[in-house]
$ cat start27.cif   # mmCIF, C-alpha atoms
data_data
loop_
_atom_site.label_atom_id
_atom_site.label_comp_id
_atom_site.auth_asym_id
_atom_site.auth_seq_id
_atom_site.Cartn_x
_atom_site.Cartn_y
_atom_site.Cartn_z
CA MET A 162 116.93 115.76 216.34
CA ASN A 163 113.82 117.40 217.70
CA ASN A 164 112.40 114.49 219.69
CA GLN A 165 113.56 113.08 223.00
CA LYS A 166 114.52 109.59 221.76
CA ILE A 167 118.09 108.48 222.40
CA ASN A 168 119.48 106.16 219.71
CA LEU A 169 122.79 104.77 220.99
CA SER A 170 123.48 102.90 217.74
CA LYS A 171 123.86 106.31 216.06
CA ILE A 172 125.31 108.26 218.98
CA ALA A 173 128.10 105.78 219.79
CA PRO A 174 130.01 105.92 216.45
CA VAL A 175 129.69 109.72 216.40
CA LEU A 176 131.13 109.85 219.92
CA MET A 177 133.98 107.62 218.71
CA ALA A 178 134.92 110.44 216.35
CA PHE A 179 135.51 112.57 219.45
CA PHE A 180 137.94 109.93 220.73
CA VAL A 181 139.81 110.25 217.42
CA MET A 182 139.63 114.01 217.89
CA SER A 183 141.76 113.61 221.03
CA PHE A 184 144.73 112.46 218.98
CA CYS A 185 145.72 116.07 218.32
CA ASP A 186 146.65 116.18 222.02
CA LEU A 187 149.62 113.96 221.20
CA VAL A 188 151.45 117.22 220.57
CA GLY A 189 152.07 117.59 224.29
CA ILE A 190 153.87 114.31 224.87
CA SER A 191 155.67 114.68 221.52
CA VAL A 192 157.13 118.02 222.65
CA ASP A 193 158.52 116.42 225.81
CA MET A 194 159.85 113.34 224.01
CA ILE A 195 161.56 114.83 220.96
CA LYS A 196 162.84 118.09 222.44
CA PRO A 197 165.91 116.48 224.05
CA ILE A 198 166.41 114.05 221.15
CA PHE A 199 166.71 116.80 218.53
CA LYS A 200 168.04 119.42 221.00
CA LEU A 201 165.24 121.89 220.27
CA THR A 202 164.76 125.33 221.82
CA ASP A 203 161.45 126.11 223.54
CA PHE A 204 160.34 128.03 220.45
CA GLN A 205 161.25 125.19 218.06
CA ALA A 206 159.47 122.67 220.26
CA GLN A 207 156.31 124.80 220.31
CA LEU A 208 156.23 124.77 216.50
CA ILE A 209 154.92 121.21 216.82
CA PRO A 210 151.53 122.29 218.25
CA THR A 211 151.58 125.16 215.76
CA SER A 212 151.91 122.69 212.86
CA VAL A 213 148.71 121.04 214.11
CA PHE A 214 146.52 123.94 215.12
CA ILE A 215 147.35 126.47 212.39
CA TRP A 216 145.07 124.50 210.05
CA PHE A 217 142.07 125.35 212.17
CA LEU A 218 142.65 128.99 211.19
CA ILE A 219 143.19 128.24 207.50
CA LEU A 220 140.60 125.57 206.71
CA SER A 221 137.72 125.63 209.19
CA VAL A 222 135.37 128.06 207.45
CA ALA A 223 135.85 126.39 204.06
CA ILE A 224 135.14 123.00 205.64
CA GLY A 225 131.94 124.38 207.18
CA VAL A 226 130.83 125.42 203.68
CA LEU A 227 131.84 122.09 202.11
CA GLN A 228 130.08 119.99 204.74
CA ASN A 229 126.84 121.76 203.91
CA ARG A 230 127.20 120.31 200.40
CA ILE A 231 128.50 116.77 200.95
CA GLY A 232 127.24 116.06 204.47
CA LYS A 233 128.68 116.05 207.96
CA LYS A 234 129.17 112.29 208.24
CA ASN A 235 131.18 112.17 205.01
CA MET A 236 133.35 115.03 206.23
CA VAL A 237 134.00 113.34 209.58
CA ASN A 238 135.15 110.17 207.81
CA ILE A 239 137.42 112.12 205.47
CA GLY A 240 138.93 113.84 208.49
CA MET A 241 139.58 110.57 210.32
CA VAL A 242 141.35 109.09 207.27
CA ILE A 243 143.64 112.13 207.05
CA THR A 244 144.21 111.89 210.82
CA ALA A 245 145.42 108.30 210.36
CA ILE A 246 147.88 109.42 207.66
CA GLY A 247 149.21 112.11 209.98
CA LEU A 248 149.84 109.51 212.70
CA PHE A 249 151.55 107.02 210.41
CA VAL A 250 154.08 109.54 209.01
CA PRO A 251 156.03 110.24 212.26
CA PHE A 252 155.90 106.55 213.18
CA PHE A 253 157.53 105.33 209.99
CA PHE A 254 159.77 108.39 209.40
CA PHE A 255 161.30 109.63 212.67
CA HIS A 256 162.75 113.14 212.31
CA TYR A 257 161.90 116.62 213.50
CA SER A 258 160.85 117.68 210.00
CA THR A 259 158.63 114.61 209.51
CA PHE A 260 156.99 115.30 212.86
CA LEU A 261 156.06 118.72 211.55
CA ILE A 262 154.77 117.22 208.28
CA GLY A 263 152.88 114.38 209.96
CA PHE A 264 151.38 116.67 212.55
CA ALA A 265 150.31 119.03 209.77
CA PHE A 266 148.25 116.15 208.33
CA LEU A 267 147.02 115.42 211.86
CA GLY A 268 145.94 119.06 212.13
CA ILE A 269 144.13 119.02 208.79
CA GLY A 270 142.29 115.81 209.67
CA ASN A 271 141.47 117.05 213.14
CA THR A 272 140.16 120.34 211.78
CA ILE A 273 137.73 118.47 209.55
CA VAL A 274 136.58 116.18 212.38
CA GLN A 275 136.08 119.05 214.82
CA VAL A 276 134.11 121.19 212.35
CA SER A 277 131.81 118.33 211.38
CA ALA A 278 131.50 116.10 214.48
CA ASN A 279 129.95 118.73 216.77
CA PRO A 280 126.96 119.57 214.50
CA LEU A 281 126.68 115.86 213.55
CA LEU A 282 126.29 115.00 217.24
CA ILE A 283 123.58 117.67 217.54
CA ASP A 284 121.75 115.86 214.71
CA VAL A 285 121.63 112.53 216.59
CA VAL A 286 120.84 113.64 220.16
CA PRO A 287 117.61 115.09 221.65
CA SER A 288 117.45 118.85 221.18
CA SER A 289 116.88 119.39 224.91
CA ARG A 290 120.14 117.61 225.77
CA THR A 291 122.53 119.41 223.43
CA SER A 292 124.77 121.05 226.07
CA SER A 293 124.89 117.86 228.12
CA TYR A 294 125.86 115.64 225.19
CA LEU A 295 128.43 118.13 223.90
CA SER A 296 130.04 118.05 227.35
CA PHE A 297 129.92 114.25 227.35
CA SER A 298 131.59 114.22 223.93
CA GLN A 299 134.45 116.19 225.50
CA PHE A 300 134.58 113.50 228.21
CA VAL A 301 135.11 110.90 225.48
CA LYS A 302 137.79 113.11 223.93
CA ALA A 303 139.47 113.52 227.32
CA ILE A 304 139.76 109.75 227.73
CA GLY A 305 142.02 109.57 224.70
CA SER A 306 144.00 112.59 225.85
CA MET A 307 144.48 111.11 229.32
CA ILE A 308 145.56 107.60 228.37
CA ALA A 309 148.02 108.65 225.63
CA PRO A 310 150.92 109.72 227.94
CA TRP A 311 150.40 106.62 230.09
CA LEU A 312 150.39 104.28 227.07
CA ALA A 313 153.50 105.93 225.63
CA THR A 314 155.62 105.94 228.78
CA LYS A 315 154.34 102.95 230.77
CA ILE A 316 153.36 100.46 228.07
CA PHE A 317 155.02 101.05 224.72
CA ALA A 318 158.29 102.51 226.05
CA VAL A 319 158.67 99.90 228.81
CA TYR A 320 157.47 96.71 227.12
CA PHE A 321 158.26 97.46 223.48
CA ASN A 322 161.04 100.04 223.90
CA ASP A 323 159.30 102.36 221.44
CA TRP A 324 156.90 105.06 222.65
CA LYS A 325 156.11 105.90 219.01
CA LEU A 326 153.97 102.75 218.75
CA LEU A 327 151.25 105.01 220.12
CA PHE A 328 151.04 106.68 216.69
CA LEU A 329 150.58 103.33 214.93
CA VAL A 330 147.89 102.14 217.35
CA PHE A 331 145.94 105.40 217.22
CA GLY A 332 146.22 105.46 213.42
CA ILE A 333 144.61 102.01 213.25
CA VAL A 334 141.88 103.15 215.67
CA SER A 335 141.15 106.05 213.30
CA ILE A 336 140.64 103.69 210.36
CA LEU A 337 138.36 101.41 212.39
CA SER A 338 136.31 104.45 213.44
CA VAL A 339 135.82 105.36 209.78
CA ILE A 340 134.42 101.89 209.07
CA TRP A 341 132.06 102.05 212.07
CA LEU A 342 130.64 105.50 211.30
CA GLY A 343 130.34 104.65 207.61
CA SER A 344 128.15 101.65 208.44
CA ILE A 345 125.27 103.68 209.94
CA LYS A 346 122.66 105.98 208.40
CA ILE A 347 122.08 109.44 209.85
CA GLU A 348 119.42 111.94 208.85
CA GLU A 349 121.32 115.23 208.85
CA SER A 350 119.86 118.70 209.22
CA ARG A 351 120.55 121.00 206.29
CA GLN A 352 120.64 124.75 205.67
CA ASP A 353 118.94 124.75 202.28
CA SER A 354 117.08 128.01 203.00
CA ILE A 355 120.36 129.93 203.36
CA LYS A 356 123.17 129.84 200.82
CA VAL A 357 126.26 128.98 202.83
CA THR A 358 129.47 130.56 201.54
CA ILE A 359 132.80 131.62 203.00
CA GLY A 360 131.59 135.21 202.77
CA SER A 361 128.34 134.49 204.61
CA SER A 362 130.33 132.77 207.34
CA PHE A 363 132.73 135.65 207.92
CA ARG A 364 129.88 138.17 207.83
CA LEU A 365 128.55 136.50 210.98
CA LEU A 366 131.55 137.96 212.81
CA GLY A 367 129.82 141.31 212.43
CA ASN A 368 127.45 140.10 215.12
CA GLY A 369 129.00 141.14 218.43
CA PHE A 370 127.80 138.06 220.33
CA ILE A 371 129.18 135.63 217.76
CA LEU A 372 132.51 137.49 217.65
CA LEU A 373 132.87 137.30 221.45
CA MET A 374 132.08 133.60 221.44
CA VAL A 375 134.46 132.82 218.58
CA LEU A 376 137.24 134.61 220.46
CA SER A 377 136.27 132.60 223.54
CA ILE A 378 137.03 129.40 221.64
CA PHE A 379 140.35 130.92 220.54
CA PHE A 380 141.39 131.58 224.12
CA VAL A 381 140.09 128.39 225.75
CA VAL A 382 141.87 126.20 223.21
CA GLY A 383 144.97 128.36 223.61
CA ILE A 384 144.78 127.71 227.36
CA ASP A 385 144.25 123.99 226.87
CA VAL A 386 147.07 123.45 224.36
CA GLY A 387 149.36 126.00 226.01
CA PHE A 388 149.00 124.34 229.41
CA GLN A 389 149.33 120.74 228.28
CA SER A 390 152.27 121.39 225.93
CA ASN A 391 154.16 123.36 228.60
CA SER A 392 153.11 121.54 231.77
CA GLY A 393 155.95 119.04 231.48
CA GLN A 394 158.51 121.83 231.17
CA LEU A 395 156.87 123.71 234.05
CA LEU A 396 157.05 120.68 236.35
CA MET A 397 160.67 119.94 235.39
CA ASN A 398 162.16 123.43 235.23
CA HIS A 399 160.08 125.31 237.80
CA PHE A 400 159.46 122.55 240.35
CA GLY A 401 162.44 120.26 239.76
CA ILE A 402 160.29 117.20 239.08
CA GLY A 403 161.92 114.34 237.13
CA GLU A 404 161.25 113.94 233.40
CA LYS A 405 159.24 110.70 233.63
CA SER A 406 157.02 112.03 236.41
CA ALA A 407 156.59 115.36 234.62
CA VAL A 408 155.37 113.61 231.45
CA LEU A 409 152.77 111.75 233.50
CA GLY A 410 151.70 115.09 234.96
CA ARG A 411 149.91 115.63 231.66
CA SER A 412 147.75 112.61 232.44
CA VAL A 413 146.81 114.29 235.73
CA TYR A 414 145.66 117.34 233.76
CA PHE A 415 143.65 115.22 231.32
CA PHE A 416 142.21 113.17 234.18
CA GLY A 417 140.89 116.42 235.65
CA ARG A 418 139.51 117.41 232.26
CA MET A 419 137.91 113.99 231.80
CA LEU A 420 136.18 114.06 235.18
CA GLY A 421 135.18 117.66 234.58
CA THR A 422 133.42 116.85 231.31
CA PHE A 423 131.69 113.83 232.86
CA ALA A 424 130.49 115.90 235.82
CA GLY A 425 129.55 118.73 233.46
CA ALA A 426 127.41 116.42 231.32
CA ILE A 427 125.38 115.62 234.45
CA MET A 428 125.34 119.10 236.02
CA LEU A 429 124.30 120.83 232.79
CA THR A 430 121.04 118.87 232.87
CA LYS A 431 120.28 120.47 236.24
CA ILE A 432 121.73 124.02 236.21
CA SER A 433 122.03 126.93 233.80
CA SER A 434 124.95 126.67 231.38
CA ARG A 435 125.47 130.44 231.77
CA LYS A 436 125.99 130.18 235.54
CA PHE A 437 128.21 127.14 235.01
CA PHE A 438 130.28 129.20 232.54
CA VAL A 439 130.88 131.91 235.15
CA TRP A 440 131.95 129.60 237.96
CA THR A 441 134.20 127.41 235.83
CA THR A 442 136.12 130.47 234.58
CA VAL A 443 136.53 131.74 238.16
CA LEU A 444 137.95 128.33 239.09
CA GLY A 445 140.26 128.54 236.07
CA ILE A 446 141.68 131.94 237.05
CA VAL A 447 142.33 130.90 240.65
CA SER A 448 143.91 127.54 239.75
CA LEU A 449 146.15 128.95 236.99
CA ILE A 450 147.49 131.69 239.27
CA ALA A 451 148.04 129.17 242.06
CA VAL A 452 149.88 126.65 239.86
CA LEU A 453 152.39 129.36 238.93
CA LEU A 454 152.88 130.60 242.50
CA VAL A 455 152.60 127.48 244.70
CA PRO A 456 155.98 126.57 246.23
CA GLY A 457 155.55 122.84 246.87
CA GLN A 458 155.68 119.80 244.56
CA ILE A 459 152.80 118.02 246.28
CA ALA A 460 150.32 120.88 245.94
CA VAL A 461 151.13 121.45 242.27
CA TRP A 462 149.78 118.02 241.28
CA GLY A 463 146.39 118.86 242.75
CA LEU A 464 146.40 122.24 241.02
CA VAL A 465 147.23 120.67 237.64
CA PHE A 466 144.18 118.46 238.16
CA ILE A 467 141.99 121.47 239.03
CA VAL A 468 143.14 123.39 235.93
CA GLY A 469 141.94 120.44 233.82
CA LEU A 470 138.67 120.44 235.76
CA ALA A 471 138.17 124.17 235.08
CA VAL A 472 138.94 124.05 231.35
CA ALA A 473 136.85 120.94 230.68
CA ASN A 474 133.41 122.36 229.84
CA ILE A 475 134.11 125.81 228.43
CA PHE A 476 134.30 124.72 224.78
CA PRO A 477 130.96 122.82 224.71
CA ILE A 478 129.21 125.57 226.69
CA VAL A 479 130.38 128.30 224.31
CA PHE A 480 129.49 126.19 221.28
CA SER A 481 126.03 125.25 222.53
CA LEU A 482 125.14 128.80 223.68
CA THR A 483 126.03 130.16 220.24
CA VAL A 484 124.21 127.50 218.19
CA GLU A 485 121.25 127.75 220.57
CA ARG A 486 120.92 131.42 219.69
CA PHE A 487 121.42 130.96 215.91
CA PRO A 488 120.39 127.35 215.13
CA GLU A 489 119.78 128.08 211.45
CA ARG A 490 123.46 129.05 211.00
CA SER A 491 124.99 125.99 212.70
CA ASN A 492 127.31 124.99 209.81
CA GLU A 493 128.75 128.49 209.48
CA ILE A 494 129.07 128.90 213.25
CA SER A 495 130.79 125.53 213.51
CA GLY A 496 133.33 126.60 210.89
CA LEU A 497 134.03 129.87 212.68
CA MET A 498 134.27 128.17 216.08
CA ILE A 499 136.75 125.58 214.86
CA MET A 500 138.71 128.26 213.02
CA ALA A 501 139.19 129.78 216.45
CA VAL A 502 140.79 126.52 217.63
CA SER A 503 143.86 128.08 215.98
CA GLY A 504 144.40 129.62 219.40
CA GLY A 505 146.22 126.35 220.03
CA ALA A 506 148.67 127.31 217.27
CA ILE A 507 149.25 130.90 218.32
CA ILE A 508 149.34 130.97 222.12
CA PRO A 509 151.93 128.16 222.71
CA PRO A 510 154.68 129.85 220.61
CA ILE A 511 154.00 133.11 222.48
CA ILE A 512 154.54 131.20 225.71
CA GLY A 513 157.70 129.67 224.21
CA LEU A 514 159.14 133.05 223.18
CA ILE A 515 158.48 134.57 226.61
CA SER A 516 159.89 131.46 228.31
CA ASP A 517 163.11 131.64 226.27
CA LYS A 518 163.62 135.25 227.35
CA SER A 519 162.43 134.87 230.96
CA SER A 520 161.10 131.67 232.56
CA ILE A 521 158.42 129.07 231.93
CA ALA A 522 156.31 130.45 234.80
CA VAL A 523 156.35 133.95 233.31
CA GLY A 524 155.52 132.56 229.87
CA MET A 525 152.52 130.65 231.17
CA SER A 526 151.08 133.81 232.75
CA VAL A 527 149.63 134.37 229.25
CA LEU A 528 147.12 131.66 230.18
CA VAL A 529 145.86 133.66 233.16
CA VAL A 530 145.14 136.66 230.94
CA SER A 531 143.26 134.39 228.50
CA MET A 532 141.11 132.96 231.28
CA VAL A 533 140.25 136.46 232.52
CA TYR A 534 138.84 137.22 229.05
CA LEU A 535 136.64 134.11 229.27
CA TRP A 536 135.39 135.19 232.70
CA VAL A 537 134.38 138.61 231.32
CA VAL A 538 132.48 136.94 228.44
CA SER A 539 130.76 134.56 230.87
CA LEU A 540 129.47 137.52 232.90
CA ARG A 541 128.07 139.08 229.74
CA CYS A 542 126.33 135.81 228.81
CA LEU A 543 124.81 135.64 232.30
CA LYS A 544 123.61 139.24 232.11
CA ASN A 545 122.12 138.95 228.60
CA LYS A 546 120.08 135.75 228.86
#

$ encode --input "start27.cif" --output "structure tokens"
Amino acid sequence: MNNQKINLSKIAPVLMAFFVMSFCDLVGISVDMIKPIFKLTDFQAQLIPTSVFIWFLILSVAIGVLQNRIGKKNMVNIGMVITAIGLFVPFFFFHYSTFLIGFAFLGIGNTIVQVSANPLLIDVVPSSRTSSYLSFSQFVKAIGSMIAPWLATKIFAVYFNDWKLLFLVFGIVSILSVIWLGSIKIEESRQDSIKVTIGSSFRLLGNGFILLMVLSIFFVVGIDVGFQSNSGQLLMNHFGIGEKSAVLGRSVYFFGRMLGTFAGAIMLTKISSRKFFVWTTVLGIVSLIAVLLVPGQIAVWGLVFIVGLAVANIFPIVFSLTVERFPERSNEISGLMIMAVSGGAIIPPIIGLISDKSSIAVGMSVLVVSMVYLWVVSLRCLKNK
């Protein structure tokens, strides 16, 4: 959209797709809930996020090519239907293996939604507000991520004695979102002047800037998934916090992420996204180091919140800076960016392996190293405006 008109009737159902996108964050609470039930090791438990996020590596580029042919809106709806299937499977068939199968469907659906929803949102918002709206879309996503642990432990587990009802409810929400988005008409931008193929997408990685930014997505998603899927274990094993309180600690993280994206949507209309990128990564490094070293239980809750605050806007900033520089290659860039979301499949098992051999705090030090990489990239973006 090249004009400045805001059409909420089109923006709202697209933003709802970002709420559905948050359902992949159910991996965190699922790890905490089923690990003791099935007596899983840390490595086995971390295969659950892997079963979701590995599909971003396998399918993203191909989806970016396909959406150029059949349209972004159609792809988003296909993704939300598959997401619903992935949520229904572990609800109706409760076993470790069916969790892996169901979450594989969840990962496939979520991959499709993430590849297609970001460029679809760019099509329905004013071009001058891209970074701001992409940050706000992450705010919408963070709402779903934040309320999920609370719904599971405080509502469904207490009043219905079944935390898994969360999967059924979110599956129904996915289907309703498909109906809503399908009811509106969107004029989508197309790349007819350039033949989009898997080969043309991967050739973009030969551009040094695009490669750095794709790796940035890999590491920021690895930080996000690695922190949320291990935060419960960190609070229980490293700080001696009870299981129920530790599970709710994930809501504290997502609350920080939610407020961070909301604040970012406002701040990015006033300040440079490049400067914002630098300062948010500095905050991330400091807060991640502190959360691993702080001795007290009270302070750690505030630090978990700050980590969420720091991580919140990195994804939309990286995405918008890259598309801003190569707008004519948005479909291919979107595919590459979401392929890099596979960082959420690779980094958590690394943390799990290190944790099994040492401790959860040592394992999560991987996240500090990842954030340092993002800080270095942010400095380069600031230097090369």

$ resolve_selection --input "start27.cif" --expression "the PyMOL selection byres ((chain A and resi 471) around 8)" --output "list in words"
Arg418, Gly421, Thr441, Thr442, Leu444, Gly445, Ile467, Val468, Gly469, Leu470, Val472, Ala473, Asn474 and Ile475 of chain A

$ residues_near_point --input "start27.cif" --point "(158.7, 125.3, 245.7)" --cutoff "9 Å" --atoms "all atoms listed in the file" --output "PDB file with C-alpha atoms, in the frame of the given file"
ATOM      1  CA  HIS A 399     160.080 125.310 237.800  1.00  0.00           C
ATOM      2  CA  PHE A 400     159.460 122.550 240.350  1.00  0.00           C
ATOM      3  CA  GLY A 401     162.440 120.260 239.760  1.00  0.00           C
ATOM      4  CA  LEU A 454     152.880 130.600 242.500  1.00  0.00           C
ATOM      5  CA  VAL A 455     152.600 127.480 244.700  1.00  0.00           C
ATOM      6  CA  PRO A 456     155.980 126.570 246.230  1.00  0.00           C
ATOM      7  CA  GLY A 457     155.550 122.840 246.870  1.00  0.00           C
ATOM      8  CA  GLN A 458     155.680 119.800 244.560  1.00  0.00           C
TER       9      GLN A 458
END

$ resolve_selection --input "start27.cif" --expression "the PyMOL selection byres ((chain A and resi 202-215) around 8)" --output "PyMOL selection string"
chain A and resi 185+188-189+192+196+200-201+216-219+260-262+264-269+386+390+502-507+509-510+513-514+516-517

$ closest_residue --input "start27.cif" --among "A:Ser292, A:Thr259, A:Gln228, A:Ser277" --to "Ser433 of chain A" --atoms "all atoms listed in the file"
A:Ser292

$ resolve_selection --input "start27.cif" --expression "the PyMOL selection byres ((chain A and resi 184) around 10)" --output "PyMOL selection string"
chain A and resi 179-183+185-188+244-245+248+267-268+271+302-303+305-306+309+327-328+331-332+335

$ atom_distance --input "start27.cif" --atom1 "atom CA of Met397 of chain A" --atom2 "atom CA of Asp193 of chain A"
10.4 Å

$ residues_near_point --input "start27.cif" --point "(130.4, 139.1, 234.3)" --cutoff "8 Å" --atoms "all atoms listed in the file" --output "number ranges by chain"
A: 439, 536-544

$ closest_residue --input "start27.cif" --among "A:Pro174, A:Gly360, A:Pro197, A:Gly247" --to "Gly496 of chain A" --atoms "all atoms listed in the file"
A:Gly360

$ closest_residue --input "start27.cif" --among "A:Ile494, A:Ile512, A:Met525, A:Val375" --to "Asn279 of chain A" --atoms "all atoms listed in the file"
A:Ile494

$ closest_residue --input "start27.cif" --among "A:Phe423, A:Phe437, A:Phe379, A:Phe416" --to "Met532 of chain A" --atoms "only C-alpha atoms"
A:Phe379

$ residues_around --input "start27.cif" --residues "Val465 of chain A" --least-positions-apart "3" --cutoff "10 Å" --atoms "only C-alpha atoms" --output "list in words"
Phe388, Gln389, Ser392, Leu396, Gly410, Arg411, Ser412, Val413, Tyr414, Phe415, Phe416, Gly417, Arg418, Ser448, Leu449, Ala451, Val452, Ala460, Val461, Trp462, Val468, Gly469 and Leu470 of chain A

$ closest_residue --input "start27.cif" --among "A:Lys431, A:Lys233, A:Lys325, A:Lys315" --to "Val276 of chain A" --atoms "all atoms listed in the file"
A:Lys233

$ atom_distance --input "start27.cif" --atom1 "atom CA of Pro488 of chain A" --atom2 "atom CA of Ala501 of chain A"
19.0 Å

$ residues_around --input "start27.cif" --residues "Ile273 of chain A" --least-positions-apart "6" --cutoff "9 Å" --atoms "only C-alpha atoms" --output "PyMOL selection string"
chain A and resi 217+220-221+224-225+236-241+499

$ residues_around --input "start27.cif" --residues "Glu493 of chain A" --least-positions-apart "6" --cutoff "7 Å" --atoms "all atoms listed in the file" --output "list of chain:residue names"
A:Val222, A:Gly225, A:Val226, A:Ser362

$ closest_residue --input "start27.cif" --among "A:Gly263, A:Gly369, A:Gly524, A:Pro280" --to "Ser191 of chain A" --atoms "all atoms listed in the file"
A:Gly263
